[in-house]
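*Asks:* The following file, query.cif, comprises mmCIF, C-alpha atoms:
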```
data_query
#
loop_
_atom_site.label_atom_id
_atom_site.label_comp_id
_atom_site.auth_asym_id
_atom_site.auth_seq_id
_atom_site.Cartn_x
_atom_site.Cartn_y
_atom_site.Cartn_z
CA MET L 23 0.00 0.00 0.00
CA THR L 24 1.55 3.27 -1.08
CA ALA L 25 0.31 6.81 -0.80
CA HIS L 26 -0.43 8.58 -4.05
CA ALA L 27 -0.07 12.29 -4.76
CA ALA L 28 -3.32 14.28 -4.76
CA PRO L 29 -4.57 13.92 -8.33
CA ARG L 30 -5.26 17.01 -10.43
CA GLU L 31 -7.39 15.37 -13.08
CA VAL L 32 -9.18 12.24 -14.13
CA GLU L 33 -9.11 11.21 -17.77
CA PHE L 34 -12.46 9.96 -19.00
CA PHE L 35 -12.27 7.87 -22.17
CA TRP L 36 -15.73 7.86 -23.71
CA ASP L 37 -17.51 6.52 -26.80
CA VAL L 38 -21.12 7.43 -27.53
CA THR L 39 -22.04 3.86 -28.41
CA SER L 40 -21.51 2.62 -24.83
CA PRO L 41 -24.58 2.82 -22.55
CA TYR L 42 -22.60 2.54 -19.32
CA THR L 43 -20.48 5.44 -20.57
CA TYR L 44 -23.61 7.53 -20.89
CA LEU L 45 -24.58 6.68 -17.32
CA ALA L 46 -21.09 7.51 -16.03
CA ALA L 47 -21.09 10.74 -18.02
CA THR L 48 -24.15 11.91 -16.11
CA ARG L 49 -22.19 11.59 -12.84
CA ILE L 50 -18.48 12.13 -13.53
CA GLU L 51 -18.39 15.92 -13.27
CA ASP L 52 -20.05 15.80 -9.84
CA VAL L 53 -17.79 12.99 -8.67
CA ALA L 54 -14.66 14.86 -9.74
CA ALA L 55 -15.89 18.21 -8.42
CA ALA L 56 -16.51 16.67 -5.00
CA ALA L 57 -12.79 15.89 -4.91
CA GLY L 58 -11.71 19.20 -6.44
CA VAL L 59 -10.41 17.42 -9.54
CA ARG L 60 -11.00 18.31 -13.19
CA VAL L 61 -12.28 15.89 -15.82
CA HIS L 62 -10.32 15.50 -19.03
CA TRP L 63 -12.82 14.20 -21.60
CA ARG L 64 -11.00 12.00 -24.11
CA PRO L 65 -12.85 10.51 -27.09
CA PHE L 66 -11.88 7.01 -28.19
CA LEU L 67 -13.30 4.22 -30.29
CA LEU L 68 -14.68 1.28 -28.33
CA GLY L 69 -14.73 -0.92 -31.43
CA GLY L 70 -11.01 -0.35 -31.79
CA VAL L 71 -10.47 -1.24 -28.15
CA PHE L 72 -12.41 -4.50 -28.53
CA LYS L 73 -10.45 -5.34 -31.67
CA ALA L 74 -7.09 -4.68 -30.01
CA THR L 75 -7.79 -6.52 -26.77
CA GLY L 76 -10.00 -9.41 -27.86
CA ASN L 77 -12.65 -8.19 -25.45
CA ARG L 78 -16.27 -8.44 -26.60
CA PRO L 79 -19.49 -6.57 -25.92
CA PRO L 80 -21.34 -7.96 -22.87
CA ALA L 81 -24.56 -8.32 -24.83
CA GLU L 82 -23.10 -11.21 -26.85
CA VAL L 83 -24.22 -13.59 -24.09
CA THR L 84 -28.01 -13.92 -24.36
CA ALA L 85 -28.80 -14.06 -20.65
CA LYS L 86 -26.50 -11.10 -20.04
CA ALA L 87 -28.16 -9.04 -22.77
CA GLY L 88 -31.55 -9.46 -21.14
CA TYR L 89 -30.18 -8.49 -17.76
CA MET L 90 -28.25 -5.55 -19.20
CA LEU L 91 -31.34 -3.71 -20.34
CA ASP L 92 -32.94 -4.01 -16.90
CA ASP L 93 -29.63 -3.12 -15.28
CA LEU L 94 -29.27 0.05 -17.36
CA GLU L 95 -32.80 1.15 -16.54
CA THR L 96 -32.21 0.43 -12.87
CA TRP L 97 -29.02 2.52 -12.84
CA ALA L 98 -30.80 5.38 -14.61
CA ARG L 99 -33.54 5.40 -11.99
CA TYR L 100 -30.92 5.14 -9.25
CA TYR L 101 -29.18 8.23 -10.68
CA GLY L 102 -32.45 9.96 -11.52
CA VAL L 103 -31.53 10.49 -15.17
CA PRO L 104 -33.50 9.77 -18.35
CA PHE L 105 -32.68 6.63 -20.33
CA ARG L 106 -34.19 5.03 -23.39
CA PHE L 107 -32.51 2.12 -25.10
CA PRO L 108 -32.11 3.14 -28.75
CA SER L 109 -33.80 1.19 -31.51
CA THR L 110 -30.48 1.02 -33.38
CA PHE L 111 -27.73 -0.50 -31.24
CA PRO L 112 -24.83 -0.68 -31.43
CA ILE L 113 -23.97 2.06 -33.90
CA ASN L 114 -20.77 2.64 -35.78
CA SER L 115 -19.51 5.55 -33.71
CA LEU L 116 -16.70 6.54 -36.06
CA LEU L 117 -18.38 9.74 -37.31
CA PRO L 118 -19.63 11.11 -33.96
CA MET L 119 -16.30 10.29 -32.30
CA ARG L 120 -14.31 11.92 -35.09
CA ALA L 121 -16.59 14.90 -34.61
CA ALA L 122 -15.61 14.87 -30.93
CA ILE L 123 -11.97 15.20 -31.97
CA ALA L 124 -12.83 18.02 -34.37
CA VAL L 125 -14.82 19.81 -31.67
CA ASP L 126 -11.90 19.45 -29.25
CA GLU L 127 -9.66 21.20 -31.78
CA GLU L 128 -11.99 24.19 -31.82
CA GLY L 129 -11.23 24.78 -28.18
CA HIS L 130 -14.06 27.26 -27.71
CA LEU L 131 -16.48 24.82 -26.13
CA ALA L 132 -16.63 23.36 -22.65
CA PRO L 133 -15.07 19.94 -23.15
CA ASN L 134 -18.18 18.04 -22.19
CA ASP L 135 -20.84 20.04 -24.04
CA TYR L 136 -20.71 18.13 -27.31
CA ALA L 137 -20.09 14.85 -25.48
CA ASN L 138 -23.19 15.30 -23.36
CA ALA L 139 -25.28 16.48 -26.29
CA VAL L 140 -24.39 13.50 -28.46
CA MET L 141 -24.84 10.99 -25.64
CA ARG L 142 -28.15 12.52 -24.60
CA ALA L 143 -29.42 12.37 -28.19
CA TYR L 144 -28.50 8.70 -28.53
CA TRP L 145 -29.31 7.45 -25.03
CA THR L 146 -32.42 9.42 -24.18
CA GLU L 147 -33.98 10.47 -27.49
CA ASP L 148 -33.39 7.41 -29.70
CA ARG L 149 -31.61 9.47 -32.35
CA ASP L 150 -29.06 7.59 -34.44
CA VAL L 151 -26.10 9.94 -34.11
CA SER L 152 -24.04 7.88 -36.56
CA GLN L 153 -26.13 9.46 -39.34
CA PRO L 154 -24.68 12.75 -40.68
CA GLU L 155 -28.06 14.50 -40.75
CA VAL L 156 -28.76 13.62 -37.11
CA LEU L 157 -25.26 14.61 -36.08
CA THR L 158 -25.72 17.94 -37.85
CA GLU L 159 -28.72 18.68 -35.64
CA VAL L 160 -26.90 17.61 -32.49
CA LEU L 161 -23.90 19.80 -33.26
CA ALA L 162 -26.19 22.76 -33.77
CA GLU L 163 -27.98 22.00 -30.49
CA ALA L 164 -24.60 22.02 -28.76
CA GLY L 165 -24.05 25.53 -30.04
CA LEU L 166 -21.64 24.61 -32.80
CA ASP L 167 -21.53 25.41 -36.49
CA PRO L 168 -22.08 21.88 -37.87
CA ASP L 169 -20.53 22.13 -41.34
CA PRO L 170 -16.92 22.97 -40.41
CA VAL L 171 -16.98 20.21 -37.78
CA LEU L 172 -18.37 17.64 -40.21
CA ASP L 173 -15.81 18.71 -42.82
CA ARG L 174 -13.01 18.16 -40.33
CA THR L 175 -14.16 14.57 -39.62
CA SER L 176 -12.61 13.53 -42.93
CA ALA L 177 -9.27 15.25 -42.27
CA PRO L 178 -6.38 12.79 -41.88
CA GLU L 179 -5.18 14.49 -38.66
CA VAL L 180 -8.61 14.02 -37.08
CA LYS L 181 -8.81 10.37 -38.10
CA GLU L 182 -5.27 9.78 -36.83
CA ARG L 183 -5.93 11.55 -33.55
CA LEU L 184 -8.88 9.29 -32.75
CA LYS L 185 -6.81 6.23 -33.63
CA ALA L 186 -3.96 7.50 -31.47
CA LEU L 187 -6.20 8.10 -28.46
CA THR L 188 -7.70 4.64 -28.83
CA GLY L 189 -4.22 3.13 -29.09
CA GLU L 190 -3.06 5.10 -26.08
CA ALA L 191 -5.96 3.86 -23.97
CA VAL L 192 -5.28 0.24 -24.97
CA GLN L 193 -1.56 0.62 -24.36
CA ARG L 194 -2.31 1.91 -20.85
CA GLY L 195 -4.54 -1.08 -20.11
CA ALA L 196 -8.07 -0.15 -21.19
CA PHE L 197 -10.26 -2.93 -22.62
CA GLY L 198 -13.73 -1.40 -22.42
CA ALA L 199 -15.73 1.74 -21.74
CA PRO L 200 -16.00 3.89 -19.82
CA SER L 201 -12.33 3.89 -18.82
CA PHE L 202 -11.08 6.35 -16.24
CA PHE L 203 -7.39 6.95 -15.62
CA VAL L 204 -5.88 8.76 -12.67
CA GLY L 205 -2.23 8.70 -13.63
CA ASP L 206 -1.64 5.04 -14.39
CA LYS L 207 -4.50 3.79 -12.21
CA LEU L 208 -7.40 2.48 -14.29
CA PHE L 209 -11.02 2.38 -13.18
CA TRP L 210 -13.28 0.55 -15.61
CA GLY L 211 -17.01 0.94 -15.71
CA ASN L 212 -19.78 3.17 -14.44
CA ASP L 213 -19.96 0.84 -11.43
CA ARG L 214 -16.44 1.85 -10.33
CA LEU L 215 -17.41 5.48 -9.72
CA PRO L 216 -17.56 4.92 -5.92
CA LEU L 217 -13.98 3.60 -5.99
CA LEU L 218 -12.88 6.43 -8.28
CA GLU L 219 -14.46 9.00 -5.97
CA ALA L 220 -12.70 7.56 -2.92
CA TRP L 221 -9.44 7.46 -4.86
CA LEU L 222 -9.76 11.08 -5.99
CA LYS L 223 -10.56 12.16 -2.43
CA GLY L 224 -7.52 10.30 -1.11
CA THR L 225 -9.56 8.09 1.23
CA LEU L 226 -8.47 5.00 -0.69
CA GLU L 227 -4.80 4.26 -1.16
CA GLY L 228 -3.12 1.61 -3.25
CA MET Z 20 -42.38 2.27 -13.07
CA THR Z 21 -44.28 0.09 -10.61
CA ALA Z 22 -44.10 -0.14 -6.85
CA HIS Z 23 -42.89 -3.41 -5.42
CA ALA Z 24 -43.93 -4.96 -2.12
CA ALA Z 25 -41.45 -4.55 0.73
CA PRO Z 26 -39.13 -7.53 0.31
CA ARG Z 27 -38.61 -9.99 3.15
CA GLU Z 28 -35.44 -11.61 1.89
CA VAL Z 29 -32.70 -11.46 -0.69
CA GLU Z 30 -31.40 -14.69 -2.17
CA PHE Z 31 -27.63 -14.76 -2.48
CA PHE Z 32 -26.31 -17.34 -4.94
CA TRP Z 33 -22.66 -17.92 -4.11
CA ASP Z 34 -19.74 -20.08 -5.25
CA VAL Z 35 -16.43 -20.06 -3.38
CA THR Z 36 -14.40 -19.90 -6.59
CA SER Z 37 -15.68 -16.38 -7.44
CA PRO Z 38 -13.60 -13.50 -6.02
CA TYR Z 39 -16.33 -10.90 -6.45
CA THR Z 40 -18.63 -13.23 -4.52
CA TYR Z 41 -16.18 -13.20 -1.64
CA LEU Z 42 -16.17 -9.39 -1.69
CA ALA Z 43 -19.96 -9.24 -1.79
CA ALA Z 44 -20.19 -11.80 1.00
CA THR Z 45 -18.25 -9.48 3.30
CA ARG Z 46 -20.97 -6.82 2.83
CA ILE Z 47 -24.29 -8.52 2.10
CA GLU Z 48 -25.42 -9.12 5.69
CA ASP Z 49 -24.90 -5.44 6.54
CA VAL Z 50 -26.63 -4.30 3.36
CA ALA Z 51 -29.65 -6.50 4.03
CA ALA Z 52 -29.75 -5.68 7.75
CA ALA Z 53 -29.84 -1.95 6.94
CA ALA Z 54 -33.09 -2.63 5.11
CA GLY Z 55 -34.46 -5.08 7.68
CA VAL Z 56 -34.27 -7.94 5.20
CA ARG Z 57 -32.82 -11.43 5.72
CA VAL Z 58 -30.24 -13.07 3.47
CA HIS Z 59 -30.97 -16.50 2.07
CA TRP Z 60 -27.57 -18.01 1.27
CA ARG Z 61 -27.92 -20.37 -1.69
CA PRO Z 62 -24.95 -22.40 -2.93
CA PHE Z 63 -24.62 -22.92 -6.68
CA LEU Z 64 -21.96 -23.95 -9.16
CA LEU Z 65 -20.54 -21.13 -11.25
CA GLY Z 66 -19.00 -23.56 -13.72
CA GLY Z 67 -22.46 -24.98 -14.36
CA VAL Z 68 -23.84 -21.48 -14.89
CA PHE Z 69 -21.12 -20.65 -17.44
CA LYS Z 70 -21.76 -23.94 -19.22
CA ALA Z 71 -25.51 -23.37 -19.39
CA THR Z 72 -25.38 -19.72 -20.50
CA GLY Z 73 -22.29 -19.59 -22.70
CA ASN Z 74 -20.90 -16.90 -20.42
CA ARG Z 75 -17.17 -17.03 -19.72
CA PRO Z 76 -14.89 -15.98 -16.88
CA PRO Z 77 -13.77 -12.33 -17.22
CA ALA Z 78 -10.11 -13.28 -16.84
CA GLU Z 79 -10.12 -14.93 -20.28
CA VAL Z 80 -9.33 -11.54 -21.80
CA THR Z 81 -5.68 -10.76 -21.00
CA ALA Z 82 -6.04 -7.03 -20.40
CA LYS Z 83 -9.09 -7.66 -18.23
CA ALA Z 84 -7.25 -10.26 -16.15
CA GLY Z 85 -4.50 -7.78 -15.29
CA TYR Z 86 -7.05 -5.15 -14.34
CA MET Z 87 -9.12 -7.61 -12.35
CA LEU Z 88 -6.40 -8.31 -9.83
CA ASP Z 89 -5.91 -4.60 -9.16
CA ASP Z 90 -9.67 -4.07 -9.10
CA LEU Z 91 -10.17 -6.82 -6.51
CA GLU Z 92 -7.45 -5.40 -4.29
CA THR Z 93 -8.93 -1.93 -4.66
CA TRP Z 94 -12.41 -3.15 -3.65
CA ALA Z 95 -10.94 -5.00 -0.66
CA ARG Z 96 -9.22 -1.82 0.55
CA TYR Z 97 -12.40 0.16 -0.11
CA TYR Z 98 -14.34 -2.30 2.06
CA GLY Z 99 -11.52 -2.64 4.57
CA VAL Z 100 -11.40 -6.43 4.30
CA PRO Z 101 -8.46 -8.79 3.81
CA PHE Z 102 -7.80 -10.18 0.34
CA ARG Z 103 -5.07 -12.34 -1.12
CA PHE Z 104 -5.35 -13.75 -4.61
CA PRO Z 105 -4.88 -17.51 -4.26
CA SER Z 106 -1.98 -19.28 -5.95
CA THR Z 107 -4.43 -21.84 -7.36
CA PHE Z 108 -7.23 -20.19 -9.36
CA PRO Z 109 -9.78 -21.06 -10.42
CA ILE Z 110 -10.52 -24.18 -8.44
CA ASN Z 111 -13.03 -26.90 -9.10
CA SER Z 112 -15.56 -25.89 -6.47
CA LEU Z 113 -17.68 -29.05 -6.70
CA LEU Z 114 -16.56 -30.48 -3.34
CA PRO Z 115 -16.78 -27.29 -1.23
CA MET Z 116 -20.14 -26.39 -2.79
CA ARG Z 117 -21.53 -29.88 -2.23
CA ALA Z 118 -20.32 -29.49 1.34
CA ALA Z 119 -22.34 -26.25 1.51
CA ILE Z 120 -25.45 -28.23 0.58
CA ALA Z 121 -24.65 -30.88 3.17
CA VAL Z 122 -24.08 -28.22 5.83
CA ASP Z 123 -27.41 -26.60 4.93
CA GLU Z 124 -29.14 -29.94 5.55
CA GLU Z 125 -27.75 -30.03 9.08
CA GLY Z 126 -29.72 -26.92 9.90
CA HIS Z 127 -27.89 -26.27 13.17
CA LEU Z 128 -25.53 -23.64 11.80
CA ALA Z 129 -26.05 -20.01 10.94
CA PRO Z 130 -26.48 -20.15 7.18
CA ASN Z 131 -23.42 -18.07 6.45
CA ASP Z 132 -20.92 -19.57 8.91
CA TYR Z 133 -19.57 -22.26 6.63
CA ALA Z 134 -19.86 -19.98 3.59
CA ASN Z 135 -17.79 -17.29 5.23
CA ALA Z 136 -15.26 -19.79 6.60
CA VAL Z 137 -14.67 -21.41 3.23
CA MET Z 138 -14.48 -18.10 1.35
CA ARG Z 139 -12.15 -16.61 3.94
CA ALA Z 140 -9.84 -19.64 3.71
CA TYR Z 141 -9.65 -19.41 -0.08
CA TRP Z 142 -9.67 -15.62 -0.55
CA THR Z 143 -7.58 -14.47 2.38
CA GLU Z 144 -5.39 -17.42 3.38
CA ASP Z 145 -4.48 -19.00 0.02
CA ARG Z 146 -5.85 -22.39 1.07
CA ASP Z 147 -7.08 -24.61 -1.75
CA VAL Z 148 -10.49 -25.54 -0.40
CA SER Z 149 -11.12 -27.92 -3.28
CA GLN Z 150 -8.76 -30.35 -1.53
CA PRO Z 151 -10.51 -32.69 0.95
CA GLU Z 152 -7.84 -32.30 3.64
CA VAL Z 153 -8.07 -28.50 3.49
CA LEU Z 154 -11.85 -28.62 3.51
CA THR Z 155 -11.73 -30.88 6.55
CA GLU Z 156 -9.82 -28.20 8.46
CA VAL Z 157 -12.18 -25.45 7.31
CA LEU Z 158 -15.26 -27.41 8.37
CA ALA Z 159 -13.74 -27.95 11.79
CA GLU Z 160 -12.90 -24.24 12.05
CA ALA Z 161 -16.54 -23.47 11.26
CA GLY Z 162 -17.54 -25.58 14.28
CA LEU Z 163 -18.69 -28.60 12.29
CA ASP Z 164 -17.86 -32.28 12.51
CA PRO Z 165 -16.06 -32.68 9.15
CA ASP Z 166 -16.49 -36.40 8.48
CA PRO Z 167 -20.30 -36.60 8.29
CA VAL Z 168 -20.35 -33.52 6.03
CA LEU Z 169 -17.69 -34.91 3.71
CA ASP Z 170 -19.51 -38.25 3.61
CA ARG Z 171 -22.71 -36.50 2.57
CA THR Z 172 -20.95 -34.76 -0.38
CA SER Z 173 -21.12 -38.05 -2.27
CA ALA Z 174 -24.82 -38.64 -1.56
CA PRO Z 175 -26.97 -38.49 -4.71
CA GLU Z 176 -29.48 -36.11 -3.04
CA VAL Z 177 -26.69 -33.65 -2.24
CA LYS Z 178 -25.29 -33.78 -5.76
CA GLU Z 179 -28.76 -33.35 -7.21
CA ARG Z 180 -29.61 -30.48 -4.90
CA LEU Z 181 -26.55 -28.48 -6.04
CA LYS Z 182 -27.42 -29.18 -9.67
CA ALA Z 183 -31.02 -28.14 -9.05
CA LEU Z 184 -30.03 -24.86 -7.40
CA THR Z 185 -27.66 -24.09 -10.27
CA GLY Z 186 -30.39 -24.88 -12.78
CA GLU Z 187 -32.87 -22.76 -10.87
CA ALA Z 188 -30.52 -19.77 -10.89
CA VAL Z 189 -29.95 -20.11 -14.64
CA GLN Z 190 -33.65 -20.56 -15.32
CA ARG Z 191 -34.34 -17.33 -13.40
CA GLY Z 192 -31.77 -15.43 -15.46
CA ALA Z 193 -28.43 -15.75 -13.66
CA PHE Z 194 -25.29 -15.95 -15.80
CA GLY Z 195 -22.55 -15.21 -13.28
CA ALA Z 196 -21.71 -14.75 -9.61
CA PRO Z 197 -22.58 -13.32 -7.26
CA SER Z 198 -26.25 -13.30 -8.24
CA PHE Z 199 -28.82 -11.71 -5.95
CA PHE Z 200 -32.54 -12.18 -6.41
CA VAL Z 201 -35.28 -10.17 -4.77
CA GLY Z 202 -38.32 -12.00 -6.06
CA ASP Z 203 -37.70 -12.09 -9.79
CA LYS Z 204 -35.44 -9.03 -9.81
CA LEU Z 205 -31.81 -9.98 -10.45
CA PHE Z 206 -28.81 -8.00 -9.30
CA TRP Z 207 -25.52 -9.31 -10.67
CA GLY Z 208 -22.17 -8.58 -9.16
CA ASN Z 209 -20.56 -7.14 -6.07
CA ASP Z 210 -20.72 -3.76 -7.81
CA ARG Z 211 -24.55 -3.82 -7.78
CA LEU Z 212 -24.76 -3.78 -3.98
CA PRO Z 213 -25.62 -0.04 -3.96
CA LEU Z 214 -28.56 -0.74 -6.29
CA LEU Z 215 -29.60 -3.77 -4.25
CA GLU Z 216 -29.49 -1.75 -1.05
CA ALA Z 217 -31.67 1.01 -2.54
CA TRP Z 218 -34.06 -1.63 -3.88
CA LEU Z 219 -34.33 -3.39 -0.51
CA LYS Z 220 -34.94 -0.06 1.24
CA GLY Z 221 -37.66 0.82 -1.26
CA THR Z 222 -35.93 4.00 -2.43
CA LEU Z 223 -35.58 2.58 -5.93
CA GLU Z 224 -38.64 1.37 -7.79
CA GLY Z 225 -38.90 -0.46 -11.06
#
```
Would you put the structure from the file into structure tokens?
*Replies:*
Amino acid sequence: MTAHAAPREVEFFWDVTSPYTYLAATRIEDVAAAAGVRVHWRPFLLGGVFKATGNRPPAEVTAKAGYMLDDLETWARYYGVPFRFPSTFPINSLLPMRAAIAVDEEGHLAPNDYANAVMRAYWTEDRDVSQPEVLTEVLAEAGLDPDPVLDRTSAPEVKERLKALTGEAVQRGAFGAPSFFVGDKLFWGNDRLPLLEAWLKGTLEG
Amino acid sequence: MTAHAAPREVEFFWDVTSPYTYLAATRIEDVAAAAGVRVHWRPFLLGGVFKATGNRPPAEVTAKAGYMLDDLETWARYYGVPFRFPSTFPINSLLPMRAAIAVDEEGHLAPNDYANAVMRAYWTEDRDVSQPEVLTEVLAEAGLDPDPVLDRTSAPEVKERLKALTGEAVQRGAFGAPSFFVGDKLFWGNDRLPLLEAWLKGTLEG
């Protein structure tokens, strides 16, 4: 057991296609704020993580898939947040996650505004944010000019940046979403928020 | 959203070979007591559950296995309970779980005494409880006469009872351990104890 320095930030690797990431996203700012820590929102591609690690979506086991839906709804009620399982799931999140990179470049937006808008659209309003026309609306709702962002999603630097972030997460040990890092300490899953909170507050050492 | 009747008990399906079950076992009596609910300890065979559902142990994914060890140690510190990953893992839990059935038949023991003794031996003292000589010691430590219990583990009724409980859990939707049932509502995993607690207290409806 070793003491760890008071953390300044928690990195939150998120992908809009992950329901537990949506749930965690509704809580992470409060959890971090309670510890006086900032959240660094980092887009990545869950499909790329699964491919690199050999991990697979939980819903591939039939009994688990049935439970998962009830579990998600139970968590949403526990948190007091809206939740509606989308009629199209999973989605190819390449476009909305590239858009997240492009939005990050802009630098004039709170880091979580687009993230929350796109997750809310997919996880509470059953809007398929992998479709360019839906994403256009969501970007506008987040206060952004959609066209320049959508244009940037096809730029090589943007594509490479998303790949690089995904590779970085995998290299540091991530195998699913949401993944939280505090330095080199990984917390995986919405259900680890209580551990993350204790860790950020310094009441849990390791 | 529908109200549910105040629950009288929570069923706790446990198998000694599951580390997250050990962690949950250290908390479940307190969680249930806080809601004025009793715990019904029900032995089952996780291997049989995996076989029936096609689910697989989390540690089969390399990156997940590395995380899991750190995660378990982090939970143990969070709970303030001892934990030591055993040098033999997983074990064939057939004998210790049949012994749990035989102990249940005796009816003169608090339902969780043997369960806690056998999980403590495996998860904090690195003792391979699948071995008859180790199990003999553990039974004695739990205040039981080991020989009659071990004799009963080869009785057809005991073998059938463990199979039946495993089949019942699967039929009701379980696919892993620990599995908690409150009526037909399933909570899976040590990390669902906060949801279970809210459910038992009636502060979470569904």
*Asks:* Which residues come within 6 Å of stretch 105-118 of chain Z, counting all atoms listed in the file, excluding same-chain residues fewer than 5 positions away, as a count of residues only?
*Replies:* 3
*Asks:* Which is closest to Z:Arg146 among Z:Arg103, Z:Ala174, Z:Glu124, Z:Gly66, if we use all atoms listed in the file?
*Replies:* Z:Arg103
*Asks:* For the structure provided, state which residues fall under the PyMOL selection byres ((chain Z) within 8 of (chain L)), and present them as a list of chain:residue names.
*Replies:*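 Residues picked by the PyMOL selection byres ((chain Z) within 8 of (chain L)): Z:Thr72, Z:Gly73, Z:Asn74, Z:Val80, Z:Thr81, Z:Ala82, Z:Lys83, Z:Tyr86, Z:Asp90, Z:Thr93, Z:Trp94, Z:Arg96, Z:Tyr97, Z:Gly192, Z:Ala193, Z:Phe194, Z:Leu205, Z:Phe206, Z:Asp210, Z:Arg211, Z:Leu214, Z:Ala217, Z:Leu223, Z:Glu224, Z:Gly225.
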*Asks:* Go ahead and dump the residues you just picked, C-alpha atoms, as a PDB file, in the frame of the given file.
*Replies:*
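Output file result_7.pdb follows:
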```pdb
ATOM      1  CA  THR Z  72     -25.380 -19.720 -20.500  1.00  0.00           C
ATOM      2  CA  GLY Z  73     -22.290 -19.590 -22.700  1.00  0.00           C
ATOM      3  CA  ASN Z  74     -20.900 -16.900 -20.420  1.00  0.00           C
ATOM      4  CA  VAL Z  80      -9.330 -11.540 -21.800  1.00  0.00           C
ATOM      5  CA  THR Z  81      -5.680 -10.760 -21.000  1.00  0.00           C
ATOM      6  CA  ALA Z  82      -6.040  -7.030 -20.400  1.00  0.00           C
ATOM      7  CA  LYS Z  83      -9.090  -7.660 -18.230  1.00  0.00           C
ATOM      8  CA  TYR Z  86      -7.050  -5.150 -14.340  1.00  0.00           C
ATOM      9  CA  ASP Z  90      -9.670  -4.070  -9.100  1.00  0.00           C
ATOM     10  CA  THR Z  93      -8.930  -1.930  -4.660  1.00  0.00           C
ATOM     11  CA  TRP Z  94     -12.410  -3.150  -3.650  1.00  0.00           C
ATOM     12  CA  ARG Z  96      -9.220  -1.820   0.550  1.00  0.00           C
ATOM     13  CA  TYR Z  97     -12.400   0.160  -0.110  1.00  0.00           C
ATOM     14  CA  GLY Z 192     -31.770 -15.430 -15.460  1.00  0.00           C
ATOM     15  CA  ALA Z 193     -28.430 -15.750 -13.660  1.00  0.00           C
ATOM     16  CA  PHE Z 194     -25.290 -15.950 -15.800  1.00  0.00           C
ATOM     17  CA  LEU Z 205     -31.810  -9.980 -10.450  1.00  0.00           C
ATOM     18  CA  PHE Z 206     -28.810  -8.000  -9.300  1.00  0.00           C
ATOM     19  CA  ASP Z 210     -20.720  -3.760  -7.810  1.00  0.00           C
ATOM     20  CA  ARG Z 211     -24.550  -3.820  -7.780  1.00  0.00           C
ATOM     21  CA  LEU Z 214     -28.560  -0.740  -6.290  1.00  0.00           C
ATOM     22  CA  ALA Z 217     -31.670   1.010  -2.540  1.00  0.00           C
ATOM     23  CA  LEU Z 223     -35.580   2.580  -5.930  1.00  0.00           C
ATOM     24  CA  GLU Z 224     -38.640   1.370  -7.790  1.00  0.00           C
ATOM     25  CA  GLY Z 225     -38.900  -0.460 -11.060  1.00  0.00           C
TER      26      GLY Z 225
END
```
*Asks:* Mind listing whatever residues come within 12 Å of the point (-13.4, -27.1, 10.5)? Use only C-alpha atoms, file coordinates, and give them as an MDAnalysis selection string.
*Replies:* chainID Z and resid 118 122 132:137 140 148 151:169
*Asks:* Report, in Å to a single decimal, how far apart atom CA of Z:Thr45 and atom CA of Z:Pro101 are.
*Replies:* 9.8 Å
*Asks:* Exactly which residues make up the result of the PyMOL selection byres ((chain Z and resi 184-186) around 8) on this file, given as a list in words?
*Replies:* Arg61, Pro62, Phe63, Leu64, Leu65, Gly67, Val68, Arg180, Leu181, Lys182, Ala183, Glu187, Ala188, Val189 and Gln190 of chain Z
*Asks:* Hey, can you check how far atom CA of Z:Gln150 sits from atom CA of Z:Val177?
*Replies:*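 Answer for the atom CA of Z:Gln150 to atom CA of Z:Val177 separation: 18.2 Å.
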*Asks:* When the PyMOL selection byres ((chain Z and resi 32) around 7) is applied to the file above, which residues end up in the set, as a PyMOL selection string?
*Replies:* chain Z and resi 30-31+33+60-63+197-199
*Asks:* The selected residues should be written to file as a short mmCIF file (atom, residue, chain, number, x, y, z; two decimals), in the coordinates of the input (atoms: C-alpha atoms).
*Replies:*
```
data_model
loop_
_atom_site.label_atom_id
_atom_site.label_comp_id
_atom_site.auth_asym_id
_atom_site.auth_seq_id
_atom_site.Cartn_x
_atom_site.Cartn_y
_atom_site.Cartn_z
CA GLU Z 30 -31.40 -14.69 -2.17
CA PHE Z 31 -27.63 -14.76 -2.48
CA TRP Z 33 -22.66 -17.92 -4.11
CA TRP Z 60 -27.57 -18.01 1.27
CA ARG Z 61 -27.92 -20.37 -1.69
CA PRO Z 62 -24.95 -22.40 -2.93
CA PHE Z 63 -24.62 -22.92 -6.68
CA PRO Z 197 -22.58 -13.32 -7.26
CA SER Z 198 -26.25 -13.30 -8.24
CA PHE Z 199 -28.82 -11.71 -5.95
#
```
*Asks:* Suppose you want the space between atom CA of Z:Arg139 and atom CA of Z:Val100; what is it in Å?
*Replies:*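 Separation of atom CA of Z:Arg139 and atom CA of Z:Val100: 10.2 Å.
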*Asks:* Measuring atom to atom with all atoms listed in the file, identify which of L:Lys73, L:Arg60, L:Arg30, L:Arg174 is nearest to L:Asp126.
*Replies:*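 Between L:Lys73, L:Arg60, L:Arg30, L:Arg174, the residue approaching L:Asp126 most closely is L:Arg174.
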*Asks:* Counting only C-alpha atoms, which residue out of L:Ala81, L:Leu45, L:Leu222, L:Ala27 sits closest to L:Phe203?
*Replies:*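 Among the listed residues, L:Leu222 lies closest to L:Phe203.
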*Asks:* Kindly provide, as JSON, the centre and edge lengths (Å, one decimal) of an axis-aligned box around all atoms of stretch 70-85 of chain Z given in the file, with 6 Å on each side.
*Replies:*
```
{"center_x": -15.0, "center_y": -15.5, "center_z": -19.0, "size_x": 33.0, "size_y": 28.9, "size_z": 19.4}
```
